[in-house]
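run-v5.csv follows; it contains CSV, C-alpha atoms.
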```csv
chain,number,residue,atom,x,y,z
A,1,MET,CA,-21.1,11.4,2.4
A,2,PRO,CA,-20.6,14.6,4.5
A,3,GLY,CA,-19.5,14.3,8.1
A,4,ALA,CA,-15.8,14.8,8.7
A,5,ALA,CA,-13.2,17.5,8.5
A,6,ILE,CA,-9.5,17.0,9.1
A,7,LEU,CA,-8.5,19.5,11.7
A,8,GLY,CA,-4.8,18.6,12.1
A,9,THR,CA,-2.2,16.0,11.1
A,10,GLY,CA,0.9,14.5,12.6
A,11,LEU,CA,3.5,11.8,12.1
A,12,ALA,CA,6.2,9.9,13.9
A,13,VAL,CA,8.8,7.6,12.7
A,14,PRO,CA,11.6,5.9,14.7
A,15,ALA,CA,15.1,7.2,14.5
A,16,HIS,CA,16.9,4.1,13.4
A,17,THR,CA,17.4,3.9,9.6
A,18,VAL,CA,18.1,0.7,7.7
A,19,SER,CA,19.5,1.2,4.2
A,20,ASN,CA,19.4,-1.3,1.3
A,21,ASP,CA,23.2,-1.6,1.7
A,22,ASP,CA,22.6,-2.6,5.4
A,23,LEU,CA,20.2,-5.3,4.2
A,24,ALA,CA,22.7,-6.5,1.6
A,25,GLY,CA,25.1,-7.1,4.5
A,26,TRP,CA,23.2,-10.3,5.5
A,27,LEU,CA,20.7,-10.9,2.6
A,28,ASP,CA,21.5,-11.9,-1.0
A,29,THR,CA,20.2,-8.6,-2.4
A,30,SER,CA,21.5,-5.2,-3.5
A,31,ASP,CA,20.5,-1.6,-3.5
A,32,GLU,CA,20.0,-1.7,-7.3
A,33,TRP,CA,17.8,-4.8,-7.0
A,34,ILE,CA,15.6,-3.4,-4.3
A,35,VAL,CA,15.3,0.1,-5.8
A,36,ALA,CA,14.4,-1.3,-9.3
A,37,ARG,CA,11.6,-3.6,-7.9
A,38,THR,CA,10.2,-1.4,-5.1
A,39,GLY,CA,11.5,2.2,-5.2
A,40,ILE,CA,12.5,1.7,-1.5
A,41,ARG,CA,15.9,3.1,-0.4
A,42,THR,CA,15.7,3.2,3.4
A,43,ARG,CA,13.2,2.3,6.1
A,44,ARG,CA,12.9,3.3,9.7
A,45,THR,CA,12.7,0.7,12.5
A,46,VAL,CA,12.4,0.6,16.3
A,47,ASP,CA,15.5,-1.6,16.3
A,48,GLY,CA,17.6,-1.0,19.4
A,49,THR,CA,14.8,0.5,21.4
A,50,ASP,CA,11.9,-0.9,23.5
A,51,GLU,CA,9.4,1.2,21.4
A,52,ALA,CA,6.1,-0.3,20.4
A,53,THR,CA,3.3,0.7,18.0
A,54,SER,CA,1.6,2.8,20.7
A,55,ASP,CA,4.7,4.9,21.3
A,56,LEU,CA,4.8,5.9,17.6
A,57,ALA,CA,1.0,6.3,17.6
A,58,THR,CA,1.1,8.6,20.6
A,59,ALA,CA,3.8,10.8,19.2
A,60,ALA,CA,2.0,11.2,15.9
A,61,ALA,CA,-1.2,11.9,17.9
A,62,ARG,CA,0.4,14.6,20.0
A,63,ALA,CA,1.6,16.4,16.8
A,64,ALA,CA,-1.9,16.2,15.2
A,65,LEU,CA,-3.6,17.4,18.4
A,66,ALA,CA,-1.2,20.4,18.6
A,67,ARG,CA,-1.8,21.3,15.0
A,68,ALA,CA,-5.6,20.9,15.4
A,69,GLU,CA,-5.4,23.0,18.6
A,70,THR,CA,-7.4,20.3,20.3
A,71,ALA,CA,-6.9,19.1,23.9
A,72,ALA,CA,-6.8,15.3,24.5
A,73,GLU,CA,-9.7,15.8,27.0
A,74,GLU,CA,-11.9,16.9,24.1
A,75,LEU,CA,-11.6,13.6,22.2
A,76,ASP,CA,-14.7,11.4,22.1
A,77,LEU,CA,-12.9,8.5,20.3
A,78,VAL,CA,-9.3,7.2,19.8
A,79,ALA,CA,-9.2,4.8,16.9
A,80,VAL,CA,-6.0,3.1,15.9
A,81,ALA,CA,-5.8,1.4,12.5
A,82,THR,CA,-3.1,-1.3,12.9
A,83,CYS,CA,-2.3,-4.9,12.3
A,84,SER,CA,0.8,-4.9,14.4
A,85,GLY,CA,-0.4,-3.5,17.8
A,86,ASP,CA,1.4,-3.7,21.1
A,87,PHE,CA,-0.6,-6.7,22.2
A,88,VAL,CA,-3.0,-9.3,20.9
A,89,LEU,CA,-5.1,-8.0,23.9
A,90,PRO,CA,-6.0,-5.2,24.6
A,91,ALA,CA,-6.3,-2.6,21.9
A,92,THR,CA,-3.3,-0.3,21.2
A,93,ALA,CA,-5.8,2.5,21.2
A,94,CYS,CA,-6.3,2.0,24.9
A,95,VAL,CA,-2.5,2.5,25.5
A,96,VAL,CA,-2.6,5.6,23.4
A,97,GLN,CA,-5.7,7.0,25.2
A,98,ALA,CA,-3.9,6.6,28.5
A,99,ALA,CA,-0.7,8.1,27.2
A,100,LEU,CA,-2.5,11.2,25.9
A,101,GLY,CA,-4.8,11.5,28.9
A,102,ALA,CA,-7.9,11.4,26.7
A,103,ARG,CA,-10.1,10.4,29.6
A,104,ARG,CA,-13.4,11.0,27.9
A,105,ALA,CA,-12.6,9.0,24.8
A,106,ALA,CA,-13.7,5.6,23.8
A,107,ALA,CA,-10.9,3.5,22.3
A,108,PHE,CA,-10.6,0.7,19.9
A,109,ASP,CA,-8.3,-0.8,17.2
A,110,LEU,CA,-9.4,-1.4,13.6
A,111,ASN,CA,-7.6,-4.1,11.5
A,112,ALA,CA,-8.0,-3.7,7.8
A,113,ALA,CA,-4.3,-4.0,7.3
A,114,CYS,CA,-2.9,-1.4,4.9
A,115,SER,CA,-6.4,-0.2,4.1
A,116,GLY,CA,-7.1,0.5,7.7
A,117,PHE,CA,-6.7,4.3,7.7
A,118,ILE,CA,-9.3,4.8,5.0
A,119,TYR,CA,-11.6,2.3,6.6
A,120,GLY,CA,-11.3,4.3,9.8
A,121,LEU,CA,-11.9,7.6,8.0
A,122,ALA,CA,-15.1,6.2,6.6
A,123,LEU,CA,-16.2,5.0,10.0
A,124,ALA,CA,-15.3,8.3,11.7
A,125,ALA,CA,-17.1,10.3,9.0
A,126,GLY,CA,-20.2,8.3,9.7
A,127,MET,CA,-20.0,8.9,13.5
A,128,LEU,CA,-19.4,12.6,13.0
A,129,ALA,CA,-22.4,12.8,10.6
A,130,THR,CA,-24.7,11.2,13.2
A,131,GLY,CA,-23.4,13.2,16.1
A,132,ALA,CA,-22.1,10.1,17.8
A,133,ALA,CA,-18.8,11.9,18.2
A,134,ARG,CA,-17.5,15.4,17.8
A,135,ARG,CA,-13.8,14.9,18.1
A,136,ILE,CA,-12.1,11.8,16.8
A,137,LEU,CA,-8.4,10.9,16.8
A,138,LEU,CA,-7.7,8.5,14.0
A,139,VAL,CA,-4.2,7.0,13.9
A,140,GLY,CA,-2.6,4.6,11.5
A,141,ALA,CA,0.4,2.9,13.1
A,142,GLU,CA,2.6,-0.1,12.6
A,143,VAL,CA,5.7,-1.7,14.0
A,144,PHE,CA,6.3,-4.3,11.2
A,145,SER,CA,10.0,-4.7,12.0
A,146,ARG,CA,9.1,-7.1,14.9
A,147,HIS,CA,7.1,-9.3,12.4
A,148,VAL,CA,9.3,-9.3,9.4
A,149,ASP,CA,11.5,-12.3,8.7
A,150,TRP,CA,14.8,-10.5,8.3
A,151,HIS,CA,16.3,-13.5,6.6
A,152,ASP,CA,13.6,-13.6,3.9
A,153,ARG,CA,14.8,-11.3,1.1
A,154,THR,CA,11.4,-11.2,-0.6
A,155,THR,CA,9.7,-9.5,2.3
A,156,ALA,CA,12.5,-8.1,4.5
A,157,VAL,CA,13.2,-5.3,2.1
A,158,LEU,CA,9.6,-4.0,2.0
A,159,PHE,CA,8.5,-3.0,5.4
A,160,GLY,CA,9.1,-0.3,8.0
A,161,ASP,CA,7.7,1.2,11.2
A,162,GLY,CA,5.8,4.5,11.5
A,163,ALA,CA,2.6,6.3,12.6
A,164,GLY,CA,0.4,9.0,11.2
A,165,ALA,CA,-2.5,10.7,12.9
A,166,VAL,CA,-5.4,13.0,12.1
A,167,VAL,CA,-7.8,14.8,14.4
A,168,LEU,CA,-11.3,14.9,12.9
A,169,GLY,CA,-14.3,17.1,13.6
A,170,PRO,CA,-17.7,17.7,12.0
A,171,GLY,CA,-17.4,19.1,8.4
A,172,ASP,CA,-17.6,18.3,4.8
A,173,ASP,CA,-14.1,17.2,3.7
A,174,VAL,CA,-15.0,13.6,3.0
A,175,LEU,CA,-17.0,13.6,-0.2
A,176,GLY,CA,-17.0,9.9,-0.9
A,177,THR,CA,-15.6,6.6,0.2
A,178,SER,CA,-15.4,3.1,-1.1
A,179,LEU,CA,-14.4,0.0,0.9
A,180,GLY,CA,-14.0,-3.6,-0.2
A,181,ALA,CA,-12.5,-7.0,0.6
A,182,ASP,CA,-11.9,-10.4,-0.9
A,183,GLY,CA,-11.5,-12.8,2.0
A,184,THR,CA,-10.8,-15.7,-0.3
A,185,ARG,CA,-7.3,-14.2,-0.6
A,186,VAL,CA,-6.4,-14.4,3.2
A,187,GLY,CA,-3.5,-16.7,2.3
A,188,ASP,CA,-1.8,-14.2,0.0
A,189,LEU,CA,-0.4,-12.0,2.8
A,190,LEU,CA,-0.5,-13.1,6.5
A,191,ILE,CA,1.3,-14.0,9.7
A,192,PRO,CA,0.1,-17.6,10.1
A,193,ALA,CA,0.9,-18.1,13.8
A,194,GLY,CA,0.3,-16.1,17.0
A,195,GLY,CA,-3.5,-16.0,16.7
A,196,SER,CA,-6.2,-18.5,17.7
A,197,ARG,CA,-5.6,-20.6,14.5
A,198,ARG,CA,-2.1,-21.5,15.4
A,199,PRO,CA,-0.2,-20.7,18.6
A,200,VAL,CA,3.4,-19.8,18.5
A,201,ASP,CA,4.8,-23.2,19.5
A,202,GLU,CA,8.1,-24.8,18.8
A,203,GLY,CA,6.9,-26.1,15.4
A,204,ALA,CA,5.6,-22.7,14.4
A,205,LEU,CA,8.9,-21.1,15.4
A,206,ALA,CA,10.9,-23.6,13.4
A,207,GLU,CA,8.8,-23.0,10.3
A,208,ARG,CA,8.9,-19.2,11.0
A,209,LEU,CA,5.1,-19.1,10.9
A,210,HIS,CA,5.1,-16.2,13.3
A,211,LYS,CA,6.6,-13.9,10.6
A,212,ILE,CA,5.0,-12.2,7.6
A,213,ARG,CA,4.4,-14.4,4.5
A,214,MET,CA,3.4,-13.0,1.2
A,215,HIS,CA,2.7,-14.1,-2.4
A,216,GLY,CA,4.4,-11.1,-3.9
A,217,ALA,CA,3.3,-11.3,-7.6
A,218,GLU,CA,-0.4,-12.0,-6.7
A,219,VAL,CA,-0.5,-9.2,-4.2
A,220,PHE,CA,1.2,-6.7,-6.5
A,221,ARG,CA,-1.4,-7.3,-9.2
A,222,ALA,CA,-4.4,-7.3,-6.8
A,223,ALA,CA,-3.1,-4.0,-5.3
A,224,VAL,CA,-2.8,-2.2,-8.7
A,225,GLU,CA,-6.3,-3.4,-9.7
A,226,SER,CA,-8.1,-2.8,-6.5
A,227,MET,CA,-6.5,0.5,-5.7
A,228,THR,CA,-7.5,1.8,-9.1
A,229,ALA,CA,-11.0,0.5,-8.8
A,230,ALA,CA,-11.5,1.8,-5.2
A,231,LEU,CA,-10.4,5.3,-6.2
A,232,ARG,CA,-12.6,5.3,-9.3
A,233,ASP,CA,-15.6,4.2,-7.2
A,234,ALA,CA,-14.9,6.8,-4.5
A,235,ALA,CA,-14.7,9.5,-7.1
A,236,ALA,CA,-18.0,8.4,-8.7
A,237,ARG,CA,-19.6,8.5,-5.3
A,238,ALA,CA,-18.2,12.0,-4.7
A,239,GLY,CA,-19.5,13.1,-8.1
A,240,VAL,CA,-16.0,13.9,-9.5
A,241,ARG,CA,-13.7,12.4,-12.1
A,242,PRO,CA,-10.3,11.0,-11.2
A,243,ALA,CA,-8.9,13.7,-13.6
A,244,ASP,CA,-10.3,16.3,-11.2
A,245,LEU,CA,-8.0,15.1,-8.3
A,246,ARG,CA,-5.2,17.6,-7.6
A,247,TRP,CA,-3.4,14.9,-5.5
A,248,VAL,CA,-3.7,11.2,-4.9
A,249,PHE,CA,-2.3,9.9,-1.7
A,250,ALA,CA,-1.8,6.2,-2.5
A,251,HIS,CA,-0.7,3.5,-0.1
A,252,GLN,CA,3.1,3.4,-0.1
A,253,ALA,CA,3.9,-0.3,-0.6
A,254,ASN,CA,5.9,-0.2,-3.8
A,255,ALA,CA,6.6,2.6,-6.3
A,256,ARG,CA,5.7,0.3,-9.2
A,257,ILE,CA,2.2,-0.3,-7.7
A,258,ILE,CA,1.6,3.4,-7.6
A,259,ALA,CA,2.9,3.8,-11.2
A,260,GLY,CA,0.5,1.2,-12.3
A,261,VAL,CA,-2.4,2.9,-10.6
A,262,ALA,CA,-1.4,6.3,-12.1
A,263,GLU,CA,-1.2,4.7,-15.6
A,264,ARG,CA,-4.7,3.1,-15.3
A,265,LEU,CA,-6.2,6.3,-14.1
A,266,ALA,CA,-4.4,8.2,-16.8
A,267,LEU,CA,-3.1,10.6,-14.2
A,268,PRO,CA,0.5,12.0,-14.2
A,269,LEU,CA,2.7,10.4,-11.5
A,270,SER,CA,3.5,14.0,-10.4
A,271,ARG,CA,0.1,14.1,-8.7
A,272,PHE,CA,1.1,11.2,-6.4
A,273,PRO,CA,3.2,12.3,-3.4
A,274,MET,CA,5.7,9.6,-2.5
A,275,ASN,CA,7.8,8.7,0.5
A,276,VAL,CA,8.1,4.9,0.0
A,277,ASP,CA,11.7,5.6,-0.9
A,278,ARG,CA,12.4,6.8,2.7
A,279,TYR,CA,10.0,4.7,4.9
A,280,GLY,CA,9.1,1.5,2.9
A,281,ASN,CA,5.7,0.1,3.6
A,282,THR,CA,4.4,1.2,7.0
A,283,GLY,CA,0.9,-0.3,6.5
A,284,ALA,CA,-2.0,1.7,7.8
A,285,ALA,CA,0.4,4.5,8.6
A,286,THR,CA,1.5,5.4,5.0
A,287,ILE,CA,-1.4,7.6,4.0
A,288,PRO,CA,-1.7,9.7,7.2
A,289,VAL,CA,2.2,10.1,7.2
A,290,LEU,CA,2.0,11.3,3.6
A,291,LEU,CA,-0.8,13.7,4.5
A,292,ALA,CA,1.1,15.1,7.5
A,293,GLU,CA,4.2,15.6,5.4
A,294,ALA,CA,2.2,17.4,2.6
A,295,ALA,CA,0.3,19.5,5.1
A,296,ALA,CA,3.5,20.5,6.9
A,297,ALA,CA,5.2,21.3,3.6
A,298,GLY,CA,2.3,23.5,2.5
A,299,THR,CA,1.7,21.4,-0.6
A,300,LEU,CA,-2.0,21.2,0.1
A,301,CYS,CA,-4.2,24.2,-0.6
A,302,PRO,CA,-7.7,24.8,0.7
A,303,GLY,CA,-10.2,23.6,-1.8
A,304,ASP,CA,-7.8,20.9,-3.3
A,305,LEU,CA,-9.6,17.8,-4.3
A,306,ILE,CA,-7.6,14.8,-3.1
A,307,GLY,CA,-7.9,11.1,-3.5
A,308,LEU,CA,-6.8,8.4,-1.1
A,309,THR,CA,-6.4,4.8,-2.1
A,310,ALA,CA,-5.0,1.7,-0.5
A,311,ALA,CA,-5.0,-2.1,-0.6
A,312,GLY,CA,-3.6,-4.7,1.8
A,313,ALA,CA,-3.8,-8.0,3.5
A,314,GLY,CA,-7.2,-9.6,3.7
A,315,LEU,CA,-7.3,-8.8,0.9
A,316,THR,CA,-8.8,-5.4,1.6
A,317,TRP,CA,-9.0,-2.2,-0.4
A,318,ALA,CA,-10.4,1.3,0.1
A,319,GLY,CA,-10.6,4.7,-1.6
A,320,ALA,CA,-11.8,8.1,-0.6
A,321,VAL,CA,-12.1,11.6,-2.1
A,322,LEU,CA,-11.7,14.6,0.1
A,323,ARG,CA,-11.9,18.4,-0.4
A,324,TRP,CA,-9.0,19.8,1.7
A,325,SER,CA,-10.4,22.5,4.0
A,326,GLY,CA,-7.0,23.7,5.1
A,327,ALA,CA,-5.9,21.7,8.1
A,328,ALA,CA,-2.3,22.1,9.3
B,329,MET,CA,2.2,-11.8,-38.9
B,330,ASP,CA,-1.4,-11.9,-37.5
B,331,ASP,CA,-3.1,-9.0,-35.8
B,332,ILE,CA,-2.7,-10.3,-32.2
B,333,THR,CA,1.0,-11.1,-32.7
B,334,ARG,CA,1.5,-7.6,-34.2
B,335,GLU,CA,-0.3,-5.9,-31.4
B,336,LEU,CA,1.7,-7.9,-28.8
B,337,THR,CA,5.0,-7.1,-30.5
B,338,ASP,CA,4.2,-3.4,-30.1
B,339,LEU,CA,3.2,-3.9,-26.5
B,340,VAL,CA,6.3,-5.9,-25.6
B,341,ALA,CA,8.7,-3.5,-27.5
B,342,THR,CA,7.2,-0.5,-25.6
B,343,LYS,CA,7.2,-2.3,-22.3
B,344,PHE,CA,10.8,-3.5,-22.4
B,345,LYS,CA,12.1,-0.6,-24.5
B,346,VAL,CA,13.5,-2.8,-27.3
B,347,PRO,CA,13.1,-2.4,-31.1
B,348,PRO,CA,10.1,-4.4,-32.4
B,349,GLU,CA,12.4,-6.4,-34.7
B,350,ARG,CA,14.1,-7.8,-31.7
B,351,VAL,CA,10.8,-9.3,-30.4
B,352,ARG,CA,10.7,-12.9,-31.7
B,353,LEU,CA,8.6,-15.9,-30.7
B,354,GLU,CA,11.6,-17.5,-28.9
B,355,SER,CA,12.4,-14.3,-27.0
B,356,ASP,CA,12.6,-14.9,-23.2
B,357,PHE,CA,11.5,-11.8,-21.4
B,358,ILE,CA,13.9,-12.3,-18.4
B,359,ALA,CA,17.0,-13.6,-20.3
B,360,ASP,CA,16.7,-11.5,-23.4
B,361,PHE,CA,15.0,-8.2,-22.3
B,362,GLY,CA,16.2,-8.0,-18.7
B,363,ALA,CA,12.7,-8.2,-17.3
B,364,ASP,CA,12.2,-8.9,-13.5
B,365,SER,CA,9.3,-10.9,-12.1
B,366,LEU,CA,7.1,-7.8,-11.5
B,367,ALA,CA,7.6,-6.8,-15.1
B,368,LEU,CA,6.1,-10.1,-16.2
B,369,VAL,CA,3.1,-9.3,-14.0
B,370,GLU,CA,2.9,-5.8,-15.5
B,371,LEU,CA,3.0,-7.3,-19.0
B,372,VAL,CA,0.2,-9.7,-18.3
B,373,MET,CA,-1.9,-6.8,-16.8
B,374,ALA,CA,-1.2,-4.7,-19.9
B,375,LEU,CA,-2.3,-7.7,-22.0
B,376,GLU,CA,-5.5,-7.9,-20.1
B,377,GLU,CA,-6.3,-4.3,-20.6
B,378,ARG,CA,-5.4,-4.4,-24.3
B,379,LEU,CA,-7.5,-7.5,-25.1
B,380,GLY,CA,-10.3,-6.8,-22.6
B,381,VAL,CA,-9.9,-10.3,-21.1
B,382,ARG,CA,-9.2,-11.7,-17.6
B,383,ILE,CA,-6.0,-13.7,-17.1
B,384,GLU,CA,-5.9,-15.8,-13.9
B,385,ASP,CA,-2.8,-15.8,-11.7
B,386,GLU,CA,-1.9,-19.4,-12.6
B,387,GLU,CA,-2.0,-18.6,-16.3
B,388,ALA,CA,0.0,-15.4,-15.7
B,389,GLU,CA,2.8,-17.4,-13.9
B,390,ARG,CA,3.4,-19.5,-17.0
B,391,VAL,CA,4.3,-16.6,-19.3
B,392,ARG,CA,8.1,-16.6,-19.8
B,393,THR,CA,8.6,-16.1,-23.6
B,394,PHE,CA,6.9,-14.1,-26.3
B,395,ALA,CA,5.5,-17.4,-27.7
B,396,ASP,CA,3.8,-18.0,-24.3
B,397,ALA,CA,2.3,-14.5,-24.4
B,398,VAL,CA,1.0,-14.9,-28.0
B,399,ALA,CA,-0.5,-18.4,-27.2
B,400,LEU,CA,-2.2,-17.1,-24.1
B,401,ALA,CA,-3.6,-14.1,-25.9
B,402,LYS,CA,-4.9,-16.2,-28.8
B,403,THR,CA,-6.6,-18.7,-26.3
B,404,LYS,CA,-8.2,-15.8,-24.4
B,405,SER,CA,-9.3,-13.9,-27.5
B,406,ALA,CA,-10.9,-17.1,-28.9
B,407,ALA,CA,-12.7,-17.9,-25.7
```
Would you mind writing the structure in this file as structure tokens?
Amino acid sequence: MPGAAILGTGLAVPAHTVSNDDLAGWLDTSDEWIVARTGIRTRRTVDGTDEATSDLATAAARAALARAETAAEELDLVAVATCSGDFVLPATACVVQAALGARRAAAFDLNAACSGFIYGLALAAGMLATGAARRILLVGAEVFSRHVDWHDRTTAVLFGDGAGAVVLGPGDDVLGTSLGADGTRVGDLLIPAGGSRRPVDEGALAERLHKIRMHGAEVFRAAVESMTAALRDAAARAGVRPADLRWVFAHQANARIIAGVAERLALPLSRFPMNVDRYGNTGAATIPVLLAEAAAAGTLCPGDLIGLTAAGAGLTWAGAVLRWSGAA
Amino acid sequence: MDDITRELTDLVATKFKVPPERVRLESDFIADFGADSLALVELVMALEERLGVRIEDEEAERVRTFADAVALAKTKSAA
């Protein structure tokens, strides 16, 4: 599916670092326990600031625009993939659009949870292919720290805050995408209260229904299986084999999920760039943050075939295969 | 020892890095092999791949000992 080229990448993470030892200060857990089960050592949070998702998204966007040598006024669309936006209403993308001064741009949010960045990439590629847009800013951004139950040791250790952005223009980087969902699994990972189903009333607060709930074992297994299948399908649509992929940028939720995906695809783990140890799970931000780090480090060479794969709440999953054309 | 038990012994020994002779029917994956909850999920997934069967989450949750795993594998293979 031709349509999009990545012109520039950027990332932003908050300054405050929370280590596993910090968490062990108030939770019944330990650095060894968390590292063995997740691979996570630290995560960044907006703790102690008034920063919101749009602040991280805007900072990542500015970096991507600079590397793409694109002015905000050139943007036709600002799309933010997030499930932890500034407000229930309106879209975080509108806050970002204003902060950037992207006056010509349409703006909306996209919620496919941790799969959101790849969903957005597929959508953006389609718009670029039809000429509906010529410059698109796609951001994955989350502030999960405001939604985590910091007294639930099964979830508190997993999440962090961050944002990654790409500037997209017409081109042929995106060779194939694969999107999917299983809405029968809504209950496996959700924030029950705060939407139209259940307001945040006193009862909800008492039951902590306004915080992230997860069935860890079920989600772990679904993530390994669906991320593997999504990447296989995207590769087939792109006309390549998984073995042809130089790099696989996999959603950074848990190092053991990524190891499981690598094993099933019979690919060496060395092809999977990782930063879950430093940032934890930053939702829709993990893949663009990884891409921005790899681009800045010079890890990616023009012509490299790269895979993207993610799974998240919904459940949703998504895969993509790109040929890197040399963006910064 | 039947084929399924032999195959599972290999799989469990490799997964938990223990000698095959230490894998007995009464072996408890968590207590005896230091498995964590995710390792049990990983084991069930490896079992599925090896046998080419689908194991539901509710069935997976009940696997605690090697005997549980063998019984599940036999039921699934016979189905």
Residue hits in chain A, query chain B, radius 7 Å, only C-alpha atoms, as a PyMOL selection string: chain A and resi 217-218+221
Distance in Å - CA of Ser54 (chain A) versus CA of Met274 (chain A): 24.5 Å
CA of Arg153 (chain A) and CA of Thr29 (chain A) are how many Å apart?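 Answer for the CA of Arg153 (chain A) to CA of Thr29 (chain A) separation: 7.0 Å.
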Contacts of Thr92 (chain A) at 10 Å (all atoms listed in the file; same-chain gap of 3+ positions) as a list in words: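 My list of contacting residues is Ala52, Thr53, Ser54, Asp55, Ala57, Thr58, Val78, Ala79, Val80, Ala81, Thr82, Ser84, Gly85, Asp86, Phe87, Val88, Leu89, Val95, Val96, Gln97, Ala107, Phe108, Asp109, Leu110 and Ala141 of chain A.
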So which one's closest to Lys345 (chain B), B:Leu375, B:Ala363, B:Ile383, B:Ile332? Using all atoms listed in the file, please. B:Ala363
Residues within 12 Å of Ala24 (chain A), please, as a list in words. Count all atoms listed in the file; anything in the same chain fewer than 2 positions from it doesn't count.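 Listing them by chain and then by number gives Val18, Ser19, Asn20, Asp21, Asp22, Trp26, Leu27, Asp28, Thr29, Ser30, Asp31, Glu32, Trp33, Ile34, Arg41, Trp150, His151, Asp152, Arg153, Ala156 and Val157 of chain A.
Reported to one decimal place, the separation of CA of Leu179 (chain A) from CA of Thr155 (chain A) is 25.9 Å.
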Taking all atoms listed in the file into account, which of B:Ile358, B:Val381, B:Leu371, B:Ala341 comes nearest Ala397 (chain B)? B:Leu371
